[in-house]
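Engineer: Next comes the structure file input_25.txt, holding compact mmCIF, C-alpha atoms and all ligand atoms.
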# COMPACT_ATOMS: atom_id res chain seq x y z
CA MET A 1 -5.77 -17.89 -8.62
CA ASN A 2 -4.80 -16.38 -11.98
CA PHE A 3 -4.05 -12.68 -12.32
CA ASN A 4 -7.53 -11.77 -13.51
CA GLU A 5 -9.09 -13.53 -10.52
CA LEU A 6 -6.57 -11.87 -8.22
CA VAL A 7 -7.31 -8.28 -9.25
CA HIS A 8 -11.02 -8.85 -8.75
CA HIS A 9 -10.50 -10.74 -5.49
CA ARG A 10 -8.37 -8.03 -3.78
CA TYR A 11 -10.37 -5.59 -1.69
CA SER A 12 -9.75 -3.11 1.12
CA VAL A 13 -9.90 -5.15 4.32
CA ARG A 14 -11.19 -3.16 7.29
CA ALA A 15 -11.41 -5.94 9.92
CA TYR A 16 -8.56 -8.30 10.82
CA LYS A 17 -7.94 -11.42 12.87
CA PRO A 18 -5.02 -11.22 15.34
CA ASP A 19 -3.40 -14.34 13.82
CA ALA A 20 0.31 -14.10 13.01
CA VAL A 21 1.56 -13.90 9.41
CA GLU A 22 3.80 -16.86 8.61
CA GLN A 23 7.47 -16.04 7.89
CA GLU A 24 7.27 -17.70 4.42
CA LYS A 25 4.38 -15.43 3.48
CA LEU A 26 6.15 -12.38 4.85
CA ASP A 27 9.19 -13.26 2.71
CA LEU A 28 7.00 -13.52 -0.40
CA LEU A 29 5.49 -10.09 0.30
CA LEU A 30 8.93 -8.51 0.62
CA ARG A 31 10.14 -10.21 -2.58
CA ALA A 32 7.10 -8.96 -4.49
CA PHE A 33 7.87 -5.44 -3.28
CA GLN A 34 11.50 -5.84 -4.38
CA ALA A 35 10.53 -7.19 -7.82
CA ALA A 36 8.54 -4.11 -8.84
CA PRO A 37 9.74 -2.01 -11.77
CA THR A 38 11.01 1.51 -11.07
CA ALA A 39 12.01 4.45 -13.24
CA ALA A 40 15.66 3.93 -14.33
CA ASN A 41 15.68 1.03 -11.80
CA ARG A 42 16.41 3.49 -8.98
CA GLN A 43 14.24 1.77 -6.32
CA PRO A 44 13.92 5.08 -4.44
CA PHE A 45 11.99 3.87 -1.43
CA ARG A 46 12.07 2.02 1.88
CA LEU A 47 9.49 -0.36 3.29
CA TYR A 48 8.91 -0.23 7.05
CA VAL A 49 7.61 -3.40 8.71
CA ILE A 50 6.03 -2.44 12.03
CA GLU A 51 4.91 -4.88 14.74
CA THR A 52 1.51 -3.57 15.73
CA GLU A 53 1.64 -4.67 19.36
CA LYS A 54 4.89 -2.76 20.00
CA TYR A 55 3.67 0.52 18.51
CA LYS A 56 -0.10 0.43 19.00
CA ALA A 57 -0.36 3.91 20.57
CA GLU A 58 1.88 5.52 17.93
CA LEU A 59 -0.04 3.79 15.12
CA GLN A 60 -3.34 5.07 16.49
CA GLN A 61 -1.87 8.59 16.37
CA LEU A 62 -0.99 7.95 12.76
CA TYR A 63 -4.45 6.67 11.73
CA ASN A 64 -7.16 6.49 14.32
CA ARG A 65 -9.28 3.50 13.31
CA ASP A 66 -9.71 0.37 15.47
CA TRP A 67 -9.16 -1.92 12.49
CA PHE A 68 -5.82 -0.26 11.66
CA VAL A 69 -4.23 -1.93 14.70
CA GLN A 70 -6.04 -5.30 14.60
CA ALA A 71 -3.56 -7.10 12.31
CA PRO A 72 -0.17 -8.22 13.67
CA LEU A 73 1.76 -6.06 11.19
CA VAL A 74 1.53 -2.63 9.62
CA PHE A 75 3.64 -1.81 6.57
CA GLY A 76 4.56 1.69 5.47
CA VAL A 77 6.22 2.73 2.22
CA VAL A 78 8.37 5.83 2.13
CA ALA A 79 9.65 7.59 -0.99
CA VAL A 80 13.31 8.63 -0.97
CA ASN A 81 13.11 11.64 -3.25
CA ASP A 82 16.81 12.25 -3.81
CA GLU A 83 17.32 8.68 -5.07
CA ALA A 84 14.60 8.91 -7.74
CA TRP A 85 14.68 9.41 -11.49
CA ILE A 86 13.62 12.96 -12.41
CA ARG A 87 11.99 13.74 -15.76
CA ARG A 88 13.36 16.61 -17.84
CA ASP A 89 10.46 18.85 -16.72
CA GLY A 90 11.44 18.28 -13.08
CA VAL A 91 8.81 15.70 -12.11
CA ASN A 92 10.24 13.36 -9.45
CA TYR A 93 9.05 9.75 -9.83
CA ALA A 94 9.76 8.57 -6.26
CA MET A 95 6.09 8.43 -5.28
CA VAL A 96 5.14 6.63 -8.48
CA ASP A 97 7.84 4.02 -7.89
CA ALA A 98 6.90 3.60 -4.22
CA THR A 99 3.25 3.17 -5.17
CA ILE A 100 3.94 0.52 -7.80
CA ALA A 101 6.12 -1.47 -5.40
CA PHE A 102 3.52 -1.25 -2.63
CA ASP A 103 0.83 -2.43 -5.01
CA HIS A 104 2.95 -5.44 -5.96
CA LEU A 105 3.06 -6.29 -2.26
CA ILE A 106 -0.67 -5.73 -1.82
CA LEU A 107 -1.57 -7.99 -4.74
CA GLN A 108 0.86 -10.65 -3.49
CA ALA A 109 -0.84 -10.46 -0.09
CA ALA A 110 -4.25 -11.02 -1.67
CA GLU A 111 -2.95 -14.09 -3.48
CA LEU A 112 -1.72 -15.50 -0.16
CA GLY A 113 -5.10 -14.96 1.52
CA LEU A 114 -3.84 -11.96 3.48
CA GLY A 115 -5.76 -8.71 3.83
CA THR A 116 -4.50 -5.17 3.30
CA CYS A 117 -5.95 -1.70 2.96
CA TRP A 118 -4.21 1.23 1.31
CA ILE A 119 -4.12 4.14 3.73
CA ALA A 120 -3.17 7.61 2.55
CA ALA A 121 -5.27 9.58 5.05
CA PHE A 122 -2.69 9.13 7.82
CA ASP A 123 -1.17 11.97 9.85
CA PRO A 124 2.18 12.65 8.13
CA THR A 125 3.66 14.28 11.23
CA ALA A 126 2.87 11.19 13.33
CA ALA A 127 4.33 8.99 10.58
CA ARG A 128 7.55 11.03 10.49
CA GLN A 129 7.86 10.84 14.27
CA LEU A 130 7.24 7.09 14.44
CA LEU A 131 9.69 6.24 11.66
CA HIS A 132 12.26 9.01 12.35
CA LEU A 133 12.16 10.09 8.70
CA PRO A 134 14.68 12.54 7.23
CA ALA A 135 13.08 15.67 5.71
CA ASN A 136 13.49 14.52 2.09
CA TRP A 137 11.85 11.11 2.69
CA THR A 138 8.08 11.17 2.07
CA PRO A 139 5.68 8.73 3.73
CA VAL A 140 3.37 7.54 0.93
CA ALA A 141 1.04 4.86 2.25
CA PHE A 142 0.44 2.40 5.07
CA THR A 143 -1.47 -0.85 5.32
CA PRO A 144 -2.26 -3.40 8.00
CA VAL A 145 -1.17 -6.91 6.99
CA GLY A 146 -3.04 -9.86 8.43
CA TYR A 147 -5.87 -12.27 7.94
CA PRO A 148 -9.23 -10.74 6.99
CA ALA A 149 -12.15 -10.88 9.42
CA ASP A 150 -14.58 -9.43 6.89
CA GLU A 151 -15.80 -10.30 3.41
CA ILE A 152 -15.41 -8.75 -0.03
CA LYS A 153 -18.22 -6.36 -0.98
CA PRO A 154 -19.44 -5.65 -4.50
CA LYS A 155 -17.03 -3.24 -6.17
CA LYS A 156 -18.24 0.19 -7.24
CA ARG A 157 -16.37 1.36 -10.28
CA ARG A 158 -16.98 3.91 -13.03
CA GLN A 159 -18.05 2.45 -16.34
CA LEU A 160 -15.26 1.76 -18.82
CA VAL A 161 -16.85 4.20 -21.24
CA GLU A 162 -16.14 6.96 -18.71
CA LEU A 163 -12.63 5.81 -17.84
CA ILE A 164 -11.18 4.94 -21.23
CA ILE A 165 -10.53 7.48 -23.92
CA TYR A 166 -9.71 6.09 -27.34
CA HIS A 167 -7.67 8.97 -28.61
CA SER A 168 -8.54 8.25 -32.24
CA GLU A 169 -12.20 9.01 -31.40
CA GLN A 170 -11.38 12.47 -30.07
CA PRO A 171 -12.73 15.42 -32.07
C1 LIG B 201 -3.90 5.61 -2.74
C2 LIG B 201 -5.04 5.09 -1.91
C3 LIG B 201 -5.30 5.65 -0.68
C4 LIG B 201 -6.33 5.14 0.14
N1 LIG B 201 -6.48 5.64 1.40
C5 LIG B 201 -7.41 5.10 2.21
C6 LIG B 201 -7.54 5.53 3.57
O1 LIG B 201 -6.82 6.41 4.01
N2 LIG B 201 -8.46 4.92 4.34
C7 LIG B 201 -9.26 3.91 3.89
O2 LIG B 201 -10.07 3.39 4.66
N3 LIG B 201 -9.17 3.47 2.60
C8 LIG B 201 -8.27 4.04 1.77
N4 LIG B 201 -8.12 3.56 0.49
C9 LIG B 201 -8.96 2.45 0.02
C10 LIG B 201 -10.00 2.91 -0.99
O3 LIG B 201 -11.07 3.55 -0.32
C11 LIG B 201 -10.48 1.68 -1.78
O4 LIG B 201 -9.40 1.13 -2.49
C12 LIG B 201 -11.59 2.00 -2.77
O5 LIG B 201 -12.75 2.45 -2.09
C13 LIG B 201 -11.97 0.77 -3.60
O6 LIG B 201 -12.34 -0.31 -2.77
P1 LIG B 201 -11.56 -1.70 -2.80
O7 LIG B 201 -10.12 -1.42 -2.46
O8 LIG B 201 -12.25 -2.53 -1.75
O9 LIG B 201 -11.68 -2.28 -4.17
C14 LIG B 201 -7.13 4.08 -0.34
C15 LIG B 201 -6.85 3.53 -1.60
C16 LIG B 201 -5.83 4.00 -2.37
C17 LIG B 201 -5.52 3.35 -3.69
What's the structure tokens form of this structure?

Structural biologist:
Amino acid sequence: MNFNELVHHRYSVRAYKPDAVEQEKLDLLLRAFQAAPTAANRQPFRLYVIETEKYKAELQQLYNRDWFVQAPLVFGVVAVNDEAWIRRDGVNYAMVDATIAFDHLILQAAELGLGTCWIAAFDPTAARQLLHLPANWTPVAFTPVGYPADEIKPKKRRQLVELIIYHSEQP
């Protein structure tokens, strides 16, 4: 699968098989996460790898959907704000860096035939409790990781004409 095929092939998987994820594939996911670029190369984040079976009740508190706990693993990315590069106007890039790294992992998963689904609508208090997060660490996103039990649906996207602004054509 080339990159173009990959970006069109990835979709939000909302049904999973219970099958285990092979260690070699897990290693590739973690390496893809590690390889991501970050502002000033600070890598201001941590990735939590959670075994679903061990924390099913806590994970359901975090995001109450049956499919969230169907896969054998759930990953969570957490931004470590005081390790991040900060722009001169004060904008902290920890969440941007964490998001890029998580997306590397998600695209790598798709290439390996694994399913994922970005989840931002989780309960942050439940996430903090489960992961014992310090106050200045921000949970950014979670995803199940496992084999899909559903199929890709046609993608709904805005037209390019709406999304892209060629600045030279501005009034
Ligand atoms: C930052 C982010 C947060 C998201 N949060 C959720 C979520 O909490 N629950 C959910 O079911 N899907 C969530 N999604 C998945 C989106 O709904 C999905 O990516 C979008 O509808 C496009 O569909 P596709 O991923 O299948 O291409 C999220 C996606 C992103 C990028």

Engineer: Interatomic distance between CA of Trp67 (chain A) and CA of Ile106 (chain A)?

Structural biologist: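 Interatomic distance here is 17.1 Å.
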
Engineer: Go through the chains and note each residue within 8 Å of ligand LIG 201 (chain B), using only C-alpha atoms and all ligand atoms, then give the set as a list in words.

Structural biologist: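 With only C-alpha atoms and all ligand atoms and a cut-off of 8 Å, ligand LIG 201 (chain B) is contacted by Arg10, Tyr11, Ser12, Val13, Arg14, Thr99, Cys117, Trp118, Ile119, Ala120, Ala121, Phe122, Ala141, Ile152, Lys153, Lys155 and Lys156 of chain A.
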
Engineer: Let me see the file: selected residues, C-alpha atoms, as an mmCIF file, in the frame of the given file.

Structural biologist:
data_model
loop_
_atom_site.group_PDB
_atom_site.id
_atom_site.type_symbol
_atom_site.label_atom_id
_atom_site.label_comp_id
_atom_site.auth_asym_id
_atom_site.auth_seq_id
_atom_site.Cartn_x
_atom_site.Cartn_y
_atom_site.Cartn_z
ATOM 1 C CA ARG A 10 -8.370 -8.030 -3.780
ATOM 2 C CA TYR A 11 -10.370 -5.590 -1.690
ATOM 3 C CA SER A 12 -9.750 -3.110 1.120
ATOM 4 C CA VAL A 13 -9.900 -5.150 4.320
ATOM 5 C CA ARG A 14 -11.190 -3.160 7.290
ATOM 6 C CA THR A 99 3.250 3.170 -5.170
ATOM 7 C CA CYS A 117 -5.950 -1.700 2.960
ATOM 8 C CA TRP A 118 -4.210 1.230 1.310
ATOM 9 C CA ILE A 119 -4.120 4.140 3.730
ATOM 10 C CA ALA A 120 -3.170 7.610 2.550
ATOM 11 C CA ALA A 121 -5.270 9.580 5.050
ATOM 12 C CA PHE A 122 -2.690 9.130 7.820
ATOM 13 C CA ALA A 141 1.040 4.860 2.250
ATOM 14 C CA ILE A 152 -15.410 -8.750 -0.030
ATOM 15 C CA LYS A 153 -18.220 -6.360 -0.980
ATOM 16 C CA LYS A 155 -17.030 -3.240 -6.170
ATOM 17 C CA LYS A 156 -18.240 0.190 -7.240
#

Engineer: Hey, what's within 7 Å of region 48-55 of chain A if we count all atoms listed in the file and toss same-chain stuff fewer than 2 positions away? As a PDB file with C-alpha atoms, in the frame of the given file, please?

Structural biologist:
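Printed below is selection_16.pdb as written:
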ATOM      1  CA  ARG A  46      12.070   2.020   1.880  1.00  0.00           C
ATOM      2  CA  ALA A  57      -0.360   3.910  20.570  1.00  0.00           C
ATOM      3  CA  GLU A  58       1.880   5.520  17.930  1.00  0.00           C
ATOM      4  CA  LEU A  59      -0.040   3.790  15.120  1.00  0.00           C
ATOM      5  CA  VAL A  69      -4.230  -1.930  14.700  1.00  0.00           C
ATOM      6  CA  PRO A  72      -0.170  -8.220  13.670  1.00  0.00           C
ATOM      7  CA  LEU A  73       1.760  -6.060  11.190  1.00  0.00           C
ATOM      8  CA  VAL A  74       1.530  -2.630   9.620  1.00  0.00           C
ATOM      9  CA  PHE A  75       3.640  -1.810   6.570  1.00  0.00           C
ATOM     10  CA  GLY A  76       4.560   1.690   5.470  1.00  0.00           C
ATOM     11  CA  VAL A  77       6.220   2.730   2.220  1.00  0.00           C
TER      12      VAL A  77
END

Engineer: Give me the residues within 10 Å of Pro124 (chain A) as a PDB file with C-alpha atoms, keeping the file's coordinate frame, counting only C-alpha atoms and dropping any in the same chain fewer than 5 places off.

Structural biologist:
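Below you can see out-v8.pdb, which holds the result:
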ATOM      1  CA  LEU A  62      -0.990   7.950  12.760  1.00  0.00           C
ATOM      2  CA  TYR A  63      -4.450   6.670  11.730  1.00  0.00           C
ATOM      3  CA  GLN A 129       7.860  10.840  14.270  1.00  0.00           C
ATOM      4  CA  LEU A 130       7.240   7.090  14.440  1.00  0.00           C
ATOM      5  CA  THR A 138       8.080  11.170   2.070  1.00  0.00           C
ATOM      6  CA  PRO A 139       5.680   8.730   3.730  1.00  0.00           C
ATOM      7  CA  VAL A 140       3.370   7.540   0.930  1.00  0.00           C
ATOM      8  CA  ALA A 141       1.040   4.860   2.250  1.00  0.00           C
TER       9      ALA A 141
END

Engineer: How far is it from CA of Gly113 (chain A) to CA of Asn2 (chain A), in Å with one decimal?

Structural biologist: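 CA of Gly113 (chain A) sits 13.6 Å away from CA of Asn2 (chain A).
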
Engineer: State, in Å with one decimal place, the distance from CA of Gly146 (chain A) to CA of Gln61 (chain A).

Structural biologist: 20.1 Å

Engineer: Between A:Glu24, A:Asp19, A:Pro44, A:Leu29, single out the one closest to Ala110 (chain A), counting all atoms listed in the file.

Structural biologist: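 Of the candidates, the smallest distance to Ala110 (chain A) is held by A:Leu29.
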
Engineer: Pick from A:Leu107, A:Ala40, A:Leu28, A:Leu131: nearest to Ala94 (chain A), with all atoms listed in the file counted?

Structural biologist: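 Using all atoms listed in the file, the shortest distance to Ala94 (chain A) belongs to A:Ala40.
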
Engineer: Smallest atom-to-atom distance to Val21 (chain A): which of A:Trp137, A:Ala126, A:Asp150, A:Val145, using all atoms listed in the file?

Structural biologist: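 Under the stated criterion, the closest residue is A:Val145.
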
Engineer: Of the residues A:Phe102, A:Tyr166, A:Tyr93, A:Phe142, which is the one nearest to Phe33 (chain A), using all atoms listed in the file?

Structural biologist: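 With all atoms listed in the file as the atom set, the closest residue is A:Phe102.
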
Engineer: With all atoms listed in the file as the basis for distance, which of A:Tyr147, A:Ala84, A:Asn92, A:Val78 is at the shortest distance from Arg128 (chain A)?

Structural biologist: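 Smallest distance to Arg128 (chain A) is found for A:Val78.
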
Engineer: Of the residues A:Leu26, A:Ala127, A:Ala36, A:Met95, which is the one nearest to Asn81 (chain A), using all atoms listed in the file?

Structural biologist: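 Once distances to Asn81 (chain A) are computed over all atoms listed in the file, the minimum belongs to A:Met95.
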